file data-v5.json (JSON, C-alpha atoms)
[["chain", "number", "residue", "atom", "x", "y", "z"],
["W", 80, "MET", "CA", 0.00, 0.00, 0.00],
["W", 81, "SER", "CA", 1.40, 3.41, -0.95],
["W", 82, "PHE", "CA", 1.66, 6.32, 1.47],
["W", 83, "ALA", "CA", -1.14, 8.16, -0.39],
["W", 84, "GLU", "CA", -3.42, 5.08, -0.31],
["W", 85, "ALA", "CA", -2.83, 4.61, 3.40],
["W", 86, "LEU", "CA", -3.64, 8.23, 4.17],
["W", 87, "HIS", "CA", -6.69, 8.03, 1.90],
["W", 88, "GLY", "CA", -8.07, 5.30, 4.15],
["W", 89, "LEU", "CA", -7.31, 7.40, 7.21],
["W", 90, "ILE", "CA", -9.09, 10.47, 5.89],
["W", 91, "SER", "CA", -12.06, 8.44, 4.64],
["W", 92, "ARG", "CA", -12.66, 7.12, 8.14],
["W", 93, "PHE", "CA", -12.06, 10.58, 9.57],
["W", 94, "ARG", "CA", -14.75, 12.08, 7.32],
["W", 95, "THR", "CA", -17.33, 9.35, 7.84],
["W", 96, "GLY", "CA", -17.09, 9.34, 11.62],
["W", 97, "VAL", "CA", -15.70, 7.18, 14.37],
["W", 98, "THR", "CA", -16.36, 3.54, 15.03],
["W", 99, "PRO", "CA", -18.24, 2.97, 18.31],
["W", 100, "GLY", "CA", -15.96, 2.91, 21.33],
["W", 101, "ALA", "CA", -12.90, 4.06, 19.38],
["W", 102, "ARG", "CA", -12.70, 7.71, 20.29],
["W", 103, "HIS", "CA", -10.67, 7.20, 23.46],
["W", 104, "GLY", "CA", -7.75, 5.44, 21.75],
["W", 105, "ALA", "CA", -7.41, 2.40, 19.53],
["W", 106, "ARG", "CA", -5.20, 0.25, 21.79],
["W", 107, "ILE", "CA", -7.34, 0.97, 24.83],
["W", 108, "ALA", "CA", -10.55, 0.13, 23.03],
["W", 109, "ALA", "CA", -9.05, -3.12, 21.75],
["W", 110, "THR", "CA", -7.86, -4.39, 25.13],
["W", 111, "SER", "CA", -10.16, -2.99, 27.81],
["W", 112, "SER", "CA", -13.02, -0.57, 28.09],
["W", 113, "PRO", "CA", -13.01, 2.49, 30.33],
["W", 114, "SER", "CA", -15.85, 2.67, 32.82],
["W", 115, "GLY", "CA", -18.66, 5.13, 32.33],
["W", 116, "ALA", "CA", -17.16, 7.33, 35.03],
["W", 117, "GLU", "CA", -13.75, 7.31, 33.35],
["W", 118, "VAL", "CA", -15.25, 8.21, 29.97],
["W", 119, "ALA", "CA", -17.25, 11.02, 31.59],
["W", 120, "ARG", "CA", -14.10, 12.33, 33.27],
["W", 121, "LEU", "CA", -12.17, 12.41, 29.98],
["W", 122, "ASP", "CA", -15.10, 14.08, 28.23],
["W", 123, "ALA", "CA", -15.30, 16.72, 30.97],
["W", 124, "LEU", "CA", -11.57, 17.42, 30.67],
["W", 125, "ALA", "CA", -11.89, 17.73, 26.89],
["W", 126, "ASP", "CA", -14.68, 20.27, 27.35],
["W", 127, "LEU", "CA", -12.60, 22.15, 29.93],
["W", 128, "GLU", "CA", -9.71, 22.31, 27.45],
["W", 129, "LEU", "CA", -11.91, 23.99, 24.84],
["W", 130, "SER", "CA", -13.34, 26.38, 27.42],
["W", 131, "ALA", "CA", -9.84, 27.31, 28.61],
["W", 132, "ARG", "CA", -8.73, 27.80, 25.00],
["W", 133, "ASP", "CA", -11.65, 30.16, 24.33],
["W", 134, "VAL", "CA", -10.95, 32.15, 27.50],
["W", 135, "ALA", "CA", -7.27, 32.45, 26.57],
["W", 136, "LEU", "CA", -7.95, 33.62, 23.02],
["W", 137, "ALA", "CA", -10.58, 36.15, 24.10],
["W", 138, "THR", "CA", -8.27, 37.46, 26.82],
["W", 139, "HIS", "CA", -5.36, 37.70, 24.38],
["W", 140, "TRP", "CA", -7.32, 39.82, 21.94],
["W", 141, "ASP", "CA", -8.83, 41.99, 24.67],
["W", 142, "GLY", "CA", -5.47, 42.57, 26.31],
["W", 143, "GLY", "CA", -6.60, 41.38, 29.74],
["W", 144, "SER", "CA", -4.97, 39.22, 32.40],
["W", 145, "MET", "CA", -4.40, 35.55, 31.63],
["W", 146, "GLU", "CA", -4.74, 34.49, 35.26],
["W", 147, "HIS", "CA", -8.18, 32.91, 34.75],
["W", 148, "ALA", "CA", -6.96, 31.00, 31.70],
["W", 149, "TYR", "CA", -3.86, 29.83, 33.58],
["W", 150, "HIS", "CA", -6.10, 28.61, 36.40],
["W", 151, "GLN", "CA", -8.34, 26.65, 34.02],
["W", 152, "TRP", "CA", -5.39, 25.07, 32.26],
["W", 153, "GLY", "CA", -3.95, 24.12, 35.63],
["W", 154, "LYS", "CA", -7.16, 22.22, 36.38],
["W", 155, "VAL", "CA", -6.93, 20.48, 32.99],
["W", 156, "VAL", "CA", -3.35, 19.35, 33.53],
["W", 157, "SER", "CA", -3.92, 18.21, 37.12],
["W", 158, "GLY", "CA", -7.02, 16.31, 36.00],
["W", 159, "TYR", "CA", -5.08, 14.45, 33.33],
["W", 160, "VAL", "CA", -2.19, 13.71, 35.68],
["W", 161, "ALA", "CA", -4.64, 12.13, 38.14],
["W", 162, "SER", "CA", -6.11, 10.04, 35.31],
["W", 163, "LEU", "CA", -2.68, 8.61, 34.39],
["W", 164, "ALA", "CA", -3.22, 6.17, 37.26],
["W", 165, "GLU", "CA", -6.19, 4.54, 35.47],
["W", 166, "PRO", "CA", -4.94, 1.63, 33.30],
["W", 167, "THR", "CA", -7.86, 1.81, 30.86],
["W", 168, "THR", "CA", -7.37, 5.50, 30.08],
["W", 169, "ARG", "CA", -3.62, 5.91, 30.62],
["W", 170, "LEU", "CA", -2.65, 5.78, 26.93],
["W", 171, "GLU", "CA", -5.29, 8.31, 25.88],
["W", 172, "VAL", "CA", -4.35, 10.64, 28.73],
["W", 173, "LEU", "CA", -0.68, 10.31, 27.79],
["W", 174, "LYS", "CA", -1.47, 11.39, 24.22],
["W", 175, "ARG", "CA", -3.43, 14.41, 25.38],
["W", 176, "LEU", "CA", -0.83, 15.51, 27.94],
["W", 177, "LEU", "CA", 1.99, 15.00, 25.44],
["W", 178, "PHE", "CA", 0.24, 17.22, 22.92],
["W", 179, "LEU", "CA", -0.50, 19.97, 25.45],
["W", 180, "TRP", "CA", 3.09, 19.96, 26.73],
["W", 181, "TRP", "CA", 4.48, 20.05, 23.18],
["W", 182, "THR", "CA", 2.09, 22.92, 22.36],
["W", 183, "THR", "CA", 3.61, 25.05, 25.10],
["W", 184, "HIS", "CA", 6.78, 25.14, 22.98],
["W", 185, "LEU", "CA", 4.98, 26.36, 19.84],
["W", 186, "ASP", "CA", 3.27, 29.52, 21.04],
["W", 187, "PRO", "CA", 3.72, 31.73, 24.11],
["W", 188, "ALA", "CA", 1.50, 31.44, 27.16],
["W", 189, "GLU", "CA", 0.23, 34.95, 26.39],
["W", 190, "VAL", "CA", -1.56, 33.41, 23.38],
["W", 191, "THR", "CA", -2.47, 29.91, 24.53],
["W", 192, "GLY", "CA", -3.15, 30.54, 28.20],
["W", 193, "ILE", "CA", -1.14, 27.38, 28.96],
["W", 194, "SER", "CA", 1.54, 28.29, 31.45],
["W", 195, "ASP", "CA", 4.70, 26.22, 31.72],
["W", 196, "PHE", "CA", 4.08, 22.66, 32.88],
["W", 197, "PRO", "CA", 5.33, 22.12, 36.43],
["W", 198, "ALA", "CA", 8.69, 20.31, 36.37],
["W", 199, "PRO", "CA", 7.35, 17.24, 38.27],
["W", 200, "VAL", "CA", 4.55, 16.88, 35.71],
["W", 201, "VAL", "CA", 7.03, 17.01, 32.82],
["W", 202, "VAL", "CA", 9.20, 14.36, 34.52],
["W", 203, "GLN", "CA", 6.16, 12.13, 35.08],
["W", 204, "LEU", "CA", 4.98, 12.62, 31.49],
["W", 205, "ILE", "CA", 8.37, 11.82, 29.95],
["W", 206, "ASP", "CA", 8.91, 8.83, 32.25],
["W", 207, "GLU", "CA", 5.48, 7.45, 31.38],
["W", 208, "LEU", "CA", 6.12, 7.94, 27.68],
["W", 209, "GLN", "CA", 9.49, 6.21, 27.85],
["W", 210, "VAL", "CA", 8.03, 3.26, 29.75],
["W", 211, "VAL", "CA", 5.24, 2.87, 27.20],
["W", 212, "ARG", "CA", 7.72, 2.93, 24.33],
["W", 213, "GLU", "CA", 10.23, 0.59, 25.98],
["W", 214, "ASN", "CA", 7.52, -1.94, 26.85],
["W", 215, "ALA", "CA", 5.76, -1.57, 23.48],
["W", 216, "THR", "CA", 2.45, -0.86, 25.20],
["W", 217, "GLY", "CA", 1.62, 2.13, 23.02],
["W", 218, "ASP", "CA", -0.02, 1.97, 19.61],
["W", 219, "ALA", "CA", 0.43, 3.12, 16.00],
["W", 220, "GLU", "CA", -1.41, 6.36, 16.72],
["W", 221, "LEU", "CA", 1.05, 7.39, 19.45],
["W", 222, "ASP", "CA", 4.01, 6.59, 17.19],
["W", 223, "ALA", "CA", 2.44, 8.56, 14.34],
["W", 224, "MET", "CA", 1.85, 11.55, 16.60],
["W", 225, "LEU", "CA", 5.45, 11.47, 17.85],
["W", 226, "ALA", "CA", 6.77, 11.27, 14.29],
["W", 227, "TRP", "CA", 4.57, 14.21, 13.33],
["W", 228, "TYR", "CA", 5.65, 16.33, 16.30],
["W", 229, "TRP", "CA", 9.25, 15.58, 15.44],
["W", 230, "THR", "CA", 8.66, 16.83, 11.89],
["W", 231, "VAL", "CA", 7.02, 20.04, 13.09],
["W", 232, "PHE", "CA", 9.21, 20.97, 16.06],
["W", 233, "ALA", "CA", 11.56, 18.41, 17.56],
["W", 234, "ASP", "CA", 13.49, 20.52, 20.07],
["W", 235, "PRO", "CA", 11.48, 19.72, 23.24],
["W", 236, "LEU", "CA", 11.34, 16.03, 22.36],
["W", 237, "ARG", "CA", 15.04, 15.84, 21.57],
["W", 238, "ALA", "CA", 15.90, 17.71, 24.77],
["W", 239, "HIS", "CA", 14.18, 15.00, 26.83],
["W", 240, "GLY", "CA", 15.68, 12.06, 24.96],
["W", 241, "ILE", "CA", 12.53, 11.14, 23.05],
["W", 242, "ASN", "CA", 13.73, 9.57, 19.81],
["W", 243, "LYS", "CA", 11.83, 9.86, 16.55],
["W", 244, "PRO", "CA", 9.85, 6.71, 15.67],
["W", 245, "GLN", "CA", 10.47, 4.92, 12.39],
["W", 246, "ASP", "CA", 9.19, 6.76, 9.31],
["W", 247, "HIS", "CA", 6.77, 3.97, 8.41],
["W", 248, "VAL", "CA", 4.48, 4.68, 11.35],
["W", 249, "LEU", "CA", 2.51, 7.44, 9.60],
["W", 250, "PRO", "CA", 0.86, 5.09, 7.06],
["W", 251, "GLU", "CA", 0.14, 2.62, 9.86],
["W", 252, "LEU", "CA", -2.26, 5.15, 11.33],
["W", 253, "ALA", "CA", -4.64, 4.42, 8.43],
["W", 254, "ALA", "CA", -5.03, 0.81, 9.54],
["W", 255, "MET", "CA", -7.04, 1.67, 12.64],
["W", 256, "PRO", "CA", -10.17, 3.64, 13.53],
["W", 257, "THR", "CA", -9.78, 7.40, 13.55],
["W", 258, "PRO", "CA", -10.78, 8.67, 17.00],
["W", 259, "PHE", "CA", -10.47, 12.41, 16.38],
["W", 260, "ARG", "CA", -13.68, 13.35, 18.18],
["W", 261, "HIS", "CA", -14.13, 14.94, 21.59],
["W", 262, "ARG", "CA", -10.48, 14.75, 22.62],
["W", 263, "GLY", "CA", -9.87, 18.41, 23.45],
["W", 264, "LEU", "CA", -7.17, 20.34, 21.58],
["W", 265, "LEU", "CA", -5.63, 17.06, 20.42],
["W", 266, "ASP", "CA", -8.82, 16.56, 18.41],
["W", 267, "CYS", "CA", -8.80, 20.13, 17.02],
["W", 268, "TYR", "CA", -5.17, 20.00, 15.95],
["W", 269, "TRP", "CA", -5.28, 16.62, 14.24],
["W", 270, "ARG", "CA", -8.57, 17.19, 12.46],
["W", 271, "ASP", "CA", -7.14, 20.44, 11.10],
["W", 272, "GLN", "CA", -3.88, 18.81, 10.00],
["W", 273, "LEU", "CA", -5.58, 15.90, 8.26],
["W", 274, "ASP", "CA", -8.09, 18.12, 6.50],
["W", 275, "CYS", "CA", -5.62, 20.82, 5.43],
["W", 276, "HIS", "CA", -3.06, 18.42, 3.98],
["W", 277, "TRP", "CA", -5.43, 15.94, 2.35],
["W", 278, "SER", "CA", -4.87, 17.13, -1.24],
["W", 279, "ALA", "CA", -1.09, 17.07, -0.85],
["W", 280, "TRP", "CA", -1.13, 13.55, 0.58],
["W", 281, "THR", "CA", -3.37, 12.15, -2.15],
["W", 282, "SER", "CA", -1.09, 13.61, -4.81],
["W", 283, "GLY", "CA", 1.82, 11.66, -3.35],
["W", 284, "ALA", "CA", 3.58, 14.71, -1.94],
["W", 285, "PRO", "CA", 5.38, 14.35, 1.39],
["W", 286, "PRO", "CA", 3.42, 15.53, 4.44],
["W", 287, "ALA", "CA", 3.92, 19.20, 5.29],
["W", 288, "PRO", "CA", 2.64, 19.51, 8.86],
["W", 289, "THR", "CA", 2.18, 22.98, 10.29],
["W", 290, "ARG", "CA", 2.69, 24.34, 13.76],
["W", 291, "GLY", "CA", 0.39, 26.62, 15.64],
["W", 292, "PHE", "CA", -2.10, 26.68, 18.49],
["W", 293, "PRO", "CA", -5.55, 25.23, 17.55],
["W", 294, "THR", "CA", -7.93, 28.19, 17.49],
["W", 295, "ALA", "CA", -11.08, 26.42, 16.25]]
call {"tool": "encode", "arguments": {"input": "data-v5.json", "output": "structure tokens"}}
result
Amino acid sequence: MSFAEALHGLISRFRTGVTPGARHGARIAATSSPSGAEVARLDALADLELSARDVALATHWDGGSMEHAYHQWGKVVSGYVASLAEPTTRLEVLKRLLFLWWTTHLDPAEVTGISDFPAPVVVQLIDELQVVRENATGDAELDAMLAWYWTVFADPLRAHGINKPQDHVLPELAAMPTPFRHRGLLDCYWRDQLDCHWSAWTSGAPPAPTRGFPTA
């Protein structure tokens, strides 16, 4: 299967919707199911992300204080850190936290409202990511995301010893359901990337991912 054919399958599933139970991560859905309370908690954190994003953008344009946005993002991050202890949602939470942490290196806090991650949270995030990769308990989606982030802006990953996955992982993403629904800013960013670069991918051109804080 060519790169363009693989991405065509990915986008087709993205545009037709998500398979039931897939939106909280392919490996998780395949091995165990989060409880109703766990799903509700992830959904609430996704909603809080979007609310915090909207507050930050409005505050940025109005020239006000970001303190409220910083407070909301602090609640988001602490909520995800607490959810890392749940085996059935750990991988999904890791993906969301990884994206949010990486985003802090793309745009200033004065735009995003995301203040610097506390050092202990960064250590926990990187340790968890390394354990998942060393034990091969991640999935193709996580590898694809890491490869993509490396292509866009590798400095924070390189600084923490996170190596780039093999190049073949991007087409592998097309072999699984596409859970880009109700996953906070992770959802917004990836839906935008897939949609914006669809024509380039189908023409056989190499992916040209963009950086920037998801604003819609």
call {"tool": "atom_distance", "arguments": {"input": "data-v5.json", "atom1": "CA of Gly263 (chain W)", "atom2": "CA of Thr182 (chain W)"}}
result
12.8 Å
call {"tool": "residues_around", "arguments": {"input": "data-v5.json", "residues": "Glu165 (chain W)", "least_positions_apart": "5", "cutoff": "12 Å", "atoms": "only C-alpha atoms", "output": "list in words"}}
result
Ile107, Ser111, Ser112, Pro113, Ser114, Ala116, Glu117, Val118, Arg120, Leu121, Gly158, Tyr159, Val160, Leu170, Glu171, Val172 and Leu173 of chain W
call {"tool": "atom_distance", "arguments": {"input": "data-v5.json", "atom1": "CA of Val134 (chain W)", "atom2": "CA of Gly192 (chain W)"}}
result
8.0 Å
call {"tool": "atom_distance", "arguments": {"input": "data-v5.json", "atom1": "CA of Gly142 (chain W)", "atom2": "CA of Arg262 (chain W)"}}
result
28.5 Å
call {"tool": "axis_aligned_box", "arguments": {"input": "data-v5.json", "around": "region 119-131 of chain W", "padding_each_side": "3 Å", "output": "lines of an AutoDock Vina configuration file"}}
result
center_x = -13.5
center_y = 19.2
center_z = 29.1
size_x = 13.5
size_y = 22.3
size_z = 14.4
call {"tool": "closest_residue", "arguments": {"input": "data-v5.json", "among": "W:Met145, W:Leu124, W:Ile241, W:Val231", "to": "Ala188 (chain W)", "atoms": "only C-alpha atoms"}}
result
W:Met145
call {"tool": "closest_residue", "arguments": {"input": "data-v5.json", "among": "W:Ala223, W:Ala148, W:Val155, W:Leu204", "to": "Glu189 (chain W)", "atoms": "all atoms listed in the file"}}
result
W:Ala148
